[in-house]
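> Got a structure for you, query.txt, holding compact mmCIF, C-alpha atoms.
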```txt
# COMPACT_ATOMS: atom_id res chain seq x y z
CA MET E 1172 243.14 74.13 10.90
CA LYS E 1173 243.04 76.76 13.61
CA ILE E 1174 241.32 80.13 13.69
CA LEU E 1175 242.47 82.65 16.29
CA ALA E 1176 240.39 85.60 17.41
CA LEU E 1177 242.13 88.62 18.93
CA ASN E 1178 239.76 90.70 20.99
CA GLY E 1179 240.70 94.37 21.37
CA SER E 1180 237.87 95.11 23.83
CA PHE E 1181 238.26 95.27 27.59
CA ARG E 1182 234.60 94.37 28.16
CA LYS E 1183 233.76 90.77 28.96
CA ASN E 1184 230.69 89.56 27.07
CA GLY E 1185 230.48 92.89 25.29
CA ASN E 1186 229.52 93.32 21.67
CA THR E 1187 233.01 92.66 20.34
CA GLU E 1188 233.39 89.43 22.28
CA ILE E 1189 229.91 88.25 21.29
CA LEU E 1190 230.55 88.97 17.61
CA LEU E 1191 233.94 87.27 17.73
CA LYS E 1192 232.49 84.20 19.43
CA GLN E 1193 229.69 84.11 16.88
CA ALA E 1194 232.31 84.22 14.12
CA LEU E 1195 234.30 81.46 15.81
CA MET E 1196 231.15 79.34 15.95
CA GLY E 1197 230.92 79.87 12.20
CA ALA E 1198 234.55 78.80 11.83
CA GLU E 1199 233.91 75.71 13.96
CA SER E 1200 230.99 74.79 11.72
CA GLU E 1201 233.55 74.48 8.94
CA GLY E 1202 235.72 72.16 11.01
CA ALA E 1203 238.17 74.68 12.46
CA SER E 1204 239.56 74.56 15.97
CA VAL E 1205 239.31 77.97 17.58
CA GLU E 1206 240.85 80.15 20.26
CA ILE E 1207 240.14 83.64 21.52
CA LEU E 1208 242.52 86.02 23.31
CA ARG E 1209 241.32 89.17 25.00
CA LEU E 1210 244.28 91.51 24.51
CA THR E 1211 243.58 93.45 27.69
CA ASP E 1212 244.05 90.24 29.72
CA TYR E 1213 247.68 90.26 28.63
CA LYS E 1214 250.52 92.53 29.52
CA ILE E 1215 251.49 94.58 26.48
CA GLN E 1216 254.22 97.05 27.36
CA PRO E 1217 254.69 100.12 25.20
CA CYS E 1218 257.42 100.04 22.59
CA ARG E 1219 260.49 101.72 24.05
CA GLY E 1220 261.70 102.97 20.71
CA CYS E 1221 265.15 101.55 21.42
CA GLY E 1222 265.54 100.27 17.86
CA LEU E 1223 267.13 97.02 18.98
CA CYS E 1224 264.67 94.95 16.94
CA LEU E 1225 265.60 96.95 13.86
CA PHE E 1226 269.34 96.85 14.35
CA ARG E 1227 269.56 93.27 15.62
CA GLU E 1228 266.84 91.29 13.94
CA ASN E 1229 264.41 89.51 16.27
CA VAL E 1230 265.67 91.02 19.51
CA CYS E 1231 263.20 93.00 21.61
CA GLN E 1232 264.40 94.67 24.77
CA VAL E 1233 260.96 94.26 26.36
CA GLN E 1234 260.85 90.71 27.66
CA ASP E 1235 258.69 91.04 30.77
CA ASP E 1236 255.32 90.99 29.05
CA ASP E 1237 253.07 88.76 26.95
CA VAL E 1238 253.67 90.10 23.45
CA ASN E 1239 255.80 87.14 22.40
CA LEU E 1240 253.01 84.82 23.54
CA ILE E 1241 250.50 86.72 21.40
CA PHE E 1242 252.88 86.60 18.42
CA SER E 1243 253.37 82.86 18.90
CA LYS E 1244 249.60 82.36 18.87
CA VAL E 1245 249.39 84.29 15.61
CA ASP E 1246 252.22 82.15 14.22
CA GLU E 1247 250.39 78.96 15.16
CA CYS E 1248 247.03 79.87 13.64
CA ASP E 1249 245.95 79.38 10.02
CA GLY E 1250 243.61 82.34 9.95
CA MET E 1251 242.78 85.20 12.28
CA ILE E 1252 239.85 87.39 13.23
CA LEU E 1253 240.62 90.76 14.74
CA GLY E 1254 237.77 92.31 16.69
CA ALA E 1255 237.88 95.70 18.35
CA PRO E 1256 235.32 98.33 19.18
CA CYS E 1257 235.54 101.84 17.84
CA TYR E 1258 235.06 104.22 20.76
CA PHE E 1259 236.55 107.35 19.30
CA LEU E 1260 237.08 107.37 15.53
CA GLU E 1261 239.59 104.54 15.67
CA LEU E 1262 240.19 101.18 17.30
CA THR E 1263 241.02 100.83 20.97
CA ALA E 1264 244.40 101.76 22.45
CA VAL E 1265 245.43 98.16 23.08
CA VAL E 1266 245.40 97.54 19.32
CA LYS E 1267 247.72 100.49 18.77
CA GLN E 1268 249.92 99.34 21.65
CA LEU E 1269 250.28 96.00 19.87
CA ILE E 1270 250.92 97.69 16.50
CA ASP E 1271 253.84 99.63 18.00
CA ARG E 1272 255.36 96.41 19.29
CA CYS E 1273 255.17 94.87 15.83
CA TRP E 1274 258.37 96.51 14.57
CA ILE E 1275 260.07 93.24 15.39
CA LEU E 1276 257.85 91.54 12.80
CA GLY E 1277 258.96 93.91 10.06
CA HIS E 1278 260.77 91.12 8.24
CA LYS E 1279 257.42 89.36 7.78
CA ILE E 1280 255.79 92.13 5.79
CA GLY E 1281 254.23 90.67 2.69
CA LYS E 1282 255.95 87.32 3.13
CA VAL E 1283 253.86 85.18 5.47
CA ARG E 1284 250.35 84.88 4.14
CA LYS E 1285 247.36 83.85 6.17
CA PRO E 1286 243.82 85.13 5.74
CA ALA E 1287 242.35 87.48 8.28
CA THR E 1288 239.08 89.26 8.79
CA VAL E 1289 238.07 92.21 10.93
CA ILE E 1290 234.98 92.86 13.03
CA VAL E 1291 234.35 96.34 14.40
CA PRO E 1292 231.28 97.19 16.49
CA TYR E 1293 230.67 100.91 16.81
CA ALA E 1294 227.94 103.19 18.11
CA THR E 1295 227.50 106.17 15.84
CA ARG E 1296 227.47 106.16 12.06
CA GLY E 1297 230.15 108.43 10.64
CA TRP E 1298 232.45 108.13 13.67
CA ILE E 1299 234.70 105.33 12.41
CA PRO E 1300 237.06 106.89 9.85
CA TYR E 1301 240.32 105.28 11.03
CA VAL E 1302 239.29 101.73 11.90
CA SER E 1303 240.41 100.20 8.60
CA LEU E 1304 243.72 102.05 8.69
CA GLN E 1305 244.65 100.56 12.05
CA SER E 1306 243.53 97.04 11.31
CA ASN E 1307 245.30 97.13 7.95
CA ILE E 1308 248.56 98.16 9.60
CA LEU E 1309 248.35 95.44 12.22
CA LEU E 1310 247.38 92.67 9.82
CA ASN E 1311 249.91 93.63 7.17
CA ILE E 1312 252.84 93.84 9.53
CA MET E 1313 251.86 90.47 10.99
CA GLY E 1314 251.95 89.01 7.49
CA LEU E 1315 248.20 88.49 7.26
CA SER E 1316 246.01 89.18 4.24
CA LYS E 1317 242.69 90.80 5.02
CA ILE E 1318 239.89 89.08 3.14
CA ASN E 1319 236.97 90.91 4.72
CA GLU E 1320 236.00 93.56 7.25
CA ILE E 1321 232.61 94.19 8.79
CA THR E 1322 231.47 97.14 10.87
CA ILE E 1323 228.40 96.70 13.03
CA CYS E 1324 226.38 99.62 14.38
CA THR E 1325 225.44 98.69 17.95
CA GLN E 1326 225.81 100.49 21.25
CA GLY E 1327 225.06 99.24 24.78
CA ILE E 1328 226.73 96.21 26.29
CA SER E 1329 225.69 92.97 24.57
CA GLU E 1330 222.99 94.75 22.52
CA VAL E 1331 224.27 93.20 19.34
CA VAL E 1332 222.42 89.98 20.12
CA LEU E 1333 219.24 91.93 19.30
CA ASP E 1334 220.46 92.40 15.72
CA PRO E 1335 219.95 89.09 13.88
CA GLU E 1336 221.48 90.41 10.63
CA ALA E 1337 224.67 91.40 12.44
CA MET E 1338 224.86 88.02 14.17
CA ASP E 1339 224.33 86.20 10.87
CA LEU E 1340 227.02 88.33 9.25
CA ALA E 1341 229.52 87.56 12.01
CA HIS E 1342 228.76 83.85 11.70
CA GLU E 1343 229.25 84.07 7.96
CA VAL E 1344 232.63 85.84 8.12
CA GLY E 1345 233.71 83.17 10.60
CA ARG E 1346 232.75 80.44 8.14
CA GLU E 1347 234.43 82.39 5.37
CA ILE E 1348 237.75 82.73 7.19
CA ALA E 1349 237.83 79.00 7.98
CA ILE E 1350 237.15 78.11 4.35
CA ALA E 1351 239.76 80.62 3.16
CA ALA E 1352 242.35 79.29 5.64
CA GLY E 1353 241.67 75.72 4.49
CA LYS E 1354 242.06 76.60 0.84
CA LYS E 1355 244.78 79.21 1.40
CA ASP E 1356 242.58 81.53 -0.60
CA PHE E 1357 243.42 85.17 -0.03
CA THR E 1358 240.83 86.62 -2.37
CA TYR E 1359 239.38 89.79 -0.88
CA LYS E 1360 235.64 89.43 -0.40
CA GLY E 1361 234.69 92.66 1.34
CA ASP E 1362 233.77 96.18 0.32
CA PRO E 1363 236.26 97.07 -2.42
CA GLY E 1364 236.78 100.62 -1.08
CA ILE E 1365 238.99 103.03 -3.02
CA CYS E 1366 242.49 101.71 -2.42
CA PRO E 1367 243.08 98.68 -4.65
CA SER E 1368 245.65 97.42 -2.18
CA CYS E 1369 244.10 97.76 1.30
CA HIS E 1370 240.49 98.59 0.28
CA ASP E 1371 240.22 101.56 2.62
CA TRP E 1372 238.09 104.57 1.70
CA LEU E 1373 240.41 106.94 3.52
CA PHE E 1374 242.67 109.07 1.33
CA ARG E 1375 244.70 112.18 1.91
CA ILE E 1376 245.28 115.08 -0.42
CA LEU E 1377 248.97 115.87 -0.83
CA LYS E 1378 250.14 119.45 -0.68
CA ASP E 1379 250.70 119.70 -4.40
CA ARG E 1380 246.87 119.58 -4.57
CA GLU E 1381 247.25 117.24 -7.54
CA THR E 1382 247.94 113.90 -5.92
CA VAL E 1383 246.13 111.74 -3.41
CA GLU E 1384 247.67 108.99 -1.33
CA CYS E 1385 246.41 105.99 0.57
CA PRO E 1386 247.72 106.78 4.06
CA THR E 1387 248.07 103.10 4.86
CA CYS E 1388 249.77 101.72 1.76
CA GLY E 1389 251.40 104.94 0.57
CA ILE E 1390 250.32 104.37 -3.02
CA ARG E 1391 249.55 107.53 -4.97
CA GLY E 1392 246.93 108.33 -7.58
CA LYS E 1393 244.90 111.12 -9.12
CA LEU E 1394 241.37 112.13 -8.25
CA SER E 1395 238.87 111.47 -11.00
CA MET E 1396 235.22 112.27 -11.57
CA ARG E 1397 233.04 109.93 -13.58
CA GLU E 1398 229.32 110.41 -13.91
CA GLY E 1399 229.37 112.65 -10.87
CA LYS E 1400 231.20 110.11 -8.71
CA ILE E 1401 234.59 110.79 -7.10
CA GLY E 1402 237.20 108.12 -7.69
CA VAL E 1403 240.95 107.70 -7.73
CA THR E 1404 242.90 106.44 -10.72
CA PHE E 1405 246.19 104.69 -10.18
CA GLU E 1406 248.93 103.94 -12.63
CA GLU E 1407 249.89 100.26 -12.69
CA LYS E 1408 253.31 101.03 -11.21
CA ALA E 1409 251.71 102.73 -8.19
CA LEU E 1410 250.56 99.37 -6.87
CA ALA E 1411 254.18 98.23 -6.73
CA GLU E 1412 254.86 100.99 -4.23
CA SER E 1413 252.63 99.71 -1.45
CA ARG E 1414 254.69 99.81 1.73
CA PHE E 1415 253.38 96.36 2.62
CA ARG E 1416 255.03 94.62 -0.33
CA PRO E 1417 258.07 92.60 0.74
CA ASP E 1418 260.53 94.55 -1.43
CA VAL E 1419 259.19 97.95 -0.32
CA GLY E 1420 259.19 96.90 3.33
CA TYR E 1421 262.72 95.53 2.93
CA ASN E 1422 263.97 98.75 1.34
CA HIS E 1423 262.44 100.80 4.14
CA PHE E 1424 264.25 98.88 6.84
CA THR E 1425 267.48 98.60 4.86
CA TYR E 1426 267.82 102.13 3.54
CA HIS E 1427 265.70 104.39 5.72
CA ILE E 1428 266.33 102.87 9.13
CA ALA E 1429 269.52 100.80 9.31
CA PRO E 1430 271.85 103.53 7.98
CA SER E 1431 270.68 105.85 10.74
CA LYS E 1432 273.21 104.03 12.91
CA ASP E 1433 276.04 105.65 10.95
CA TYR E 1434 274.37 109.06 11.23
CA PHE E 1435 273.77 108.49 14.95
CA LEU E 1436 277.42 107.66 15.56
CA ARG E 1437 278.68 110.59 13.49
CA THR E 1438 276.59 113.09 15.38
CA LYS E 1439 277.28 111.64 18.83
CA GLU E 1440 279.42 114.44 20.23
CA GLU E 1441 277.28 117.25 18.84
CA ARG E 1442 274.11 115.62 20.16
CA LYS E 1443 275.65 115.10 23.57
CA LEU E 1444 276.61 118.73 23.77
CA LYS E 1445 273.25 120.08 22.60
CA THR E 1446 271.19 117.65 24.67
CA GLN E 1447 272.68 118.52 28.02
CA LYS E 1448 270.49 121.56 28.69
CA TYR E 1449 267.36 119.43 28.20
CA LYS E 1450 268.67 116.80 30.59
CA ASP E 1451 269.16 119.53 33.17
CA TYR E 1452 265.89 121.39 32.52
CA LEU E 1453 262.88 120.47 34.78
CA ASN E 1454 264.78 117.45 35.94
CA ARG E 1455 266.06 118.54 39.31
CA MET Y 275 282.49 126.64 -4.92
CA SER Y 276 278.86 127.63 -5.37
CA ARG Y 277 277.03 129.45 -2.63
CA TYR Y 278 274.24 126.86 -2.54
CA LEU Y 279 274.95 123.16 -2.83
CA ALA Y 280 272.59 120.28 -2.11
CA GLU Y 281 273.20 116.57 -2.31
CA LEU Y 282 269.91 114.71 -2.58
CA ARG Y 283 270.29 111.05 -1.64
CA TYR Y 284 267.70 108.67 -3.05
CA TYR Y 285 267.65 105.08 -1.86
CA PRO Y 286 266.14 102.05 -3.63
CA GLY Y 287 262.42 102.57 -4.09
CA ASP Y 288 262.54 106.28 -3.26
CA PRO Y 289 262.38 107.96 -6.67
CA LEU Y 290 258.91 108.04 -8.17
CA GLU Y 291 260.48 107.47 -11.58
CA GLU Y 292 263.83 106.40 -12.94
CA ILE Y 293 266.47 109.09 -12.57
CA ARG Y 294 268.00 109.79 -16.00
CA ILE Y 295 271.00 112.02 -16.58
CA SER Y 296 269.33 113.35 -19.74
CA ASP Y 297 266.35 114.60 -17.68
CA LEU Y 298 268.69 116.14 -15.13
CA LYS Y 299 270.63 117.97 -17.83
CA THR Y 300 267.37 119.37 -19.16
CA LEU Y 301 266.40 120.59 -15.69
CA GLY Y 302 269.86 122.05 -15.10
CA LYS Y 303 269.61 124.01 -18.33
CA GLU Y 304 266.03 125.13 -17.64
CA TYR Y 305 266.87 126.51 -14.20
CA GLY Y 306 270.45 127.61 -14.87
CA VAL Y 307 272.06 125.46 -12.19
CA ASN Y 308 274.86 122.92 -12.10
CA ILE Y 309 273.50 119.42 -11.73
CA SER Y 310 275.17 116.02 -11.63
CA TRP Y 311 274.29 112.46 -10.70
CA THR Y 312 276.18 109.54 -9.20
CA LYS Y 313 274.98 106.03 -8.57
CA THR Y 314 276.30 103.53 -6.05
CA GLU Y 315 275.10 99.94 -6.38
CA ASN Y 316 275.98 97.31 -3.81
CA ARG Y 317 272.95 95.03 -3.78
CA GLU Y 318 272.96 91.32 -4.48
CA MET Y 319 270.07 89.12 -5.50
CA LYS Y 320 269.19 86.73 -2.67
CA GLY Y 321 265.95 84.75 -2.40
CA GLY Y 322 264.26 86.82 -5.09
CA LEU Y 323 265.04 90.14 -3.42
CA LEU Y 324 267.87 92.60 -4.06
CA MET Y 325 269.53 92.66 -0.66
CA GLU Y 326 272.30 94.54 1.10
CA ASN Y 327 273.65 94.79 4.61
CA THR Y 328 273.61 98.50 5.38
CA LEU Y 329 273.77 98.46 9.14
CA ASP Y 330 277.50 98.96 9.63
CA LYS Y 331 278.26 100.88 6.48
CA ARG Y 332 278.93 104.53 5.89
CA ILE Y 333 275.89 106.32 4.51
CA GLU Y 334 277.87 107.35 1.44
CA ASP Y 335 278.78 103.74 0.64
CA ILE Y 336 275.35 102.09 0.52
CA THR Y 337 273.25 101.73 -2.62
CA GLN Y 338 271.90 105.12 -3.60
CA GLU Y 339 271.59 107.72 -6.28
CA VAL Y 340 272.83 111.18 -5.46
CA ILE Y 341 271.70 114.26 -7.36
CA THR Y 342 273.99 117.20 -6.71
CA VAL Y 343 272.61 120.67 -7.42
CA SER Y 344 274.62 123.85 -7.04
CA SER Y 345 274.18 127.50 -7.89
CA ASP Y 346 275.00 130.98 -6.69
CA GLN Y 347 271.41 132.08 -7.34
CA GLU Y 348 268.97 131.23 -4.56
CA GLU Y 349 265.88 131.45 -6.75
CA ASN Y 350 267.24 129.22 -9.51
CA PHE Y 351 268.52 126.77 -6.95
CA SER Y 352 265.16 126.65 -5.14
CA ARG Y 353 263.08 126.30 -8.30
CA CYS Y 354 265.24 123.45 -9.51
CA LEU Y 355 264.88 121.63 -6.18
CA VAL Y 356 261.10 122.01 -6.35
CA ALA Y 357 261.13 120.54 -9.87
CA LEU Y 358 263.26 117.62 -8.65
CA TYR Y 359 260.98 116.99 -5.68
CA LYS Y 360 257.96 117.02 -7.94
CA LYS Y 361 259.54 114.62 -10.40
CA TYR Y 362 261.23 112.16 -8.06
CA ARG Y 363 259.71 113.13 -4.66
CA CYS Y 364 262.00 114.64 -2.07
CA PRO Y 365 264.69 112.70 -0.21
CA ARG Y 366 263.11 110.85 2.69
CA THR Y 367 265.45 110.42 5.62
CA PRO Y 368 267.10 112.81 8.09
CA TYR Y 369 270.50 111.92 6.59
CA SER Y 370 269.54 112.16 2.93
CA LEU Y 371 270.97 115.67 2.56
CA LEU Y 372 274.38 114.67 3.90
CA GLY Y 373 277.13 116.37 1.90
CA SER Y 374 275.12 119.55 1.27
CA ASN Y 375 276.54 122.87 2.40
CA GLU Y 376 274.71 124.74 5.14
CA ALA Y 377 272.99 127.27 2.87
CA GLY Y 378 271.92 124.58 0.41
CA GLN Y 379 270.68 122.23 3.10
CA LYS Y 380 268.60 124.97 4.71
CA ILE Y 381 266.73 125.65 1.47
CA ALA Y 382 266.43 121.98 0.53
CA LYS Y 383 264.88 121.18 3.92
CA LYS Y 384 262.53 124.16 3.88
CA LEU Y 385 261.12 123.12 0.51
CA MET Y 386 260.47 119.54 1.55
CA ASP Y 387 257.30 120.11 3.54
CA PRO Y 388 255.34 122.01 0.90
CA HIS Y 389 256.74 120.04 -2.04
CA GLY Y 390 256.81 116.40 -1.14
CA GLY Y 391 258.16 115.53 2.26
CA TRP Y 392 255.02 115.50 4.33
```
For this file, produce the structure as structure tokens.


Amino acid sequence: MKILALNGSFRKNGNTEILLKQALMGAESEGASVEILRLTDYKIQPCRGCGLCLFRENVCQVQDDDVNLIFSKVDECDGMILGAPCYFLELTAVVKQLIDRCWILGHKIGKVRKPATVIVPYATRGWIPYVSLQSNILLNIMGLSKINEITICTQGISEVVLDPEAMDLAHEVGREIAIAAGKKDFTYKGDPGICPSCHDWLFRILKDRETVECPTCGIRGKLSMREGKIGVTFEEKALAESRFRPDVGYNHFTYHIAPSKDYFLRTKEERKLKTQKYKDYLNR
Amino acid sequence: MSRYLAELRYYPGDPLEEIRISDLKTLGKEYGVNISWTKTENREMKGGLLMENTLDKRIEDITQEVITVSSDQEENFSRCLVALYKKYRCPRTPYSLLGSNEAGQKIAKKLMDPHGGW
């Protein structure tokens, strides 16, 4: 059984790397073999938005980088730990760069199941609103099921070693992911959050001012107030609308994206005509 | 031919609830507009999923439900579209108003942002 750690921090021996290694030591204590990749050591080109992966399954125009290697490592592992620092409200850019390249994995949404956990060191309480959103997107599109997520308040380089509770927690989630991978147990063990699907606390109010939506899963519910506490109630059918279910993901690619080819071809001449002035403008 | 005509194309999984002709007739009557519904079904069950190859097909030929709304009265037309967006959510893709006339499409698009297409 193999546990892979993806490190979204540039810093060597920084808090993220230390926490990931501590978690991997926990995984090893449960008999796992382990590997760690620092994403910034690899070439991850930006997605070119060419749509080739959507229109011809499994073909990516970008071949001169290491994304396929990273994907193959994820394929090989039995469980994964994603670690990334939160510098500015969300995870680091390299994580987003990888997310954008994951269109080619769209066919895996909700189908391949492996457990994953997330470790996020951050410096200031209250400055991490989007970290779950990003990790949920990445894990879901890779076909991984998040079973836990920990956020650790720590600041200067390698300071986390001064926090024994954080180090114990990282070790424990490492053990936990190895056990879950061995048993193929995808039970969520972390903070339940508000969204019953991705467990995030982040919700957005829709413009009807009646409905709220999980921005990650897209499931909709109604705000509720019980004993002075804000909550969200969901109808049973709402859970079936999570964009990370295989049927919902399939419908999105099949009906929202693929037919755009017909529209693209139909509008070819008109687009060509209307685009010319932008090709000419500031391009001399 | 009505002054305002919109064709709202809903694809599998798009409508928030099942589209029923009886509900549409009620809405048509309530807002004084012409309303009709057509359904195209081309999916086949494969590996537990209803599947379809849509890549090289005409938009009009793939699985979808189309609600057609028409009226000469802008206000009635607009209010009916808002009711439809609220009930089913608004159509979701750049090509989901294909078949609408220019006046109808302009209103249907304008109403999407505040009533469901954000």

> Could you give me, as CSV, every chain E residue with an atom at most 8 Å from chain Y, plus its closest atom pair and distance in Å to one decimal, counting only C-alpha atoms, rows ordered by chain then number?


```
residue,atom,partner,partner_atom,distance
E:Phe1226,CA,Y:Leu329,CA,7.0
E:Leu1377,CA,Y:Gly390,CA,7.9
E:Lys1378,CA,Y:Pro388,CA,6.0
E:Asp1379,CA,Y:His389,CA,6.5
E:Glu1412,CA,Y:Gly287,CA,7.7
E:Asp1418,CA,Y:Leu323,CA,6.6
E:Val1419,CA,Y:Gly287,CA,6.8
E:Asn1422,CA,Y:Pro286,CA,6.3
E:Thr1425,CA,Y:Thr328,CA,6.2
E:Tyr1426,CA,Y:Tyr285,CA,6.2
E:His1427,CA,Y:Thr367,CA,6.0
E:Ala1429,CA,Y:Leu329,CA,4.9
E:Pro1430,CA,Y:Leu329,CA,5.5
E:Ser1431,CA,Y:Tyr369,CA,7.4
E:Lys1432,CA,Y:Leu329,CA,6.7
E:Asp1433,CA,Y:Arg332,CA,5.9
E:Tyr1434,CA,Y:Tyr369,CA,6.7
```

> I'd like to know which of Y:Tyr359, Y:Asp335, Y:Gly378, Y:Glu349 is closest to Pro289 in chain Y, using only C-alpha atoms.

Y:Tyr359

> Could you name the residues that touch Gly1345 in chain E at 7 Å or less, counting all atoms listed in the file, but leaving out those on the same chain fewer than 2 positions away, as a VMD selection string?

chain E and resid 1194 to 1195 1197 to 1198 1341 to 1343 1347 to 1349

> Figure out the distance between CA of Gly1389 in chain E and CA of Ala280 in chain Y, please, to one decimal in Å.

26.3 Å

> For CA of Trp1298 in chain E and CA of Glu1261 in chain E, quote the distance in Å rounded to one decimal.

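Taking CA of Trp1298 in chain E and CA of Glu1261 in chain E, their separation equals 8.2 Å.
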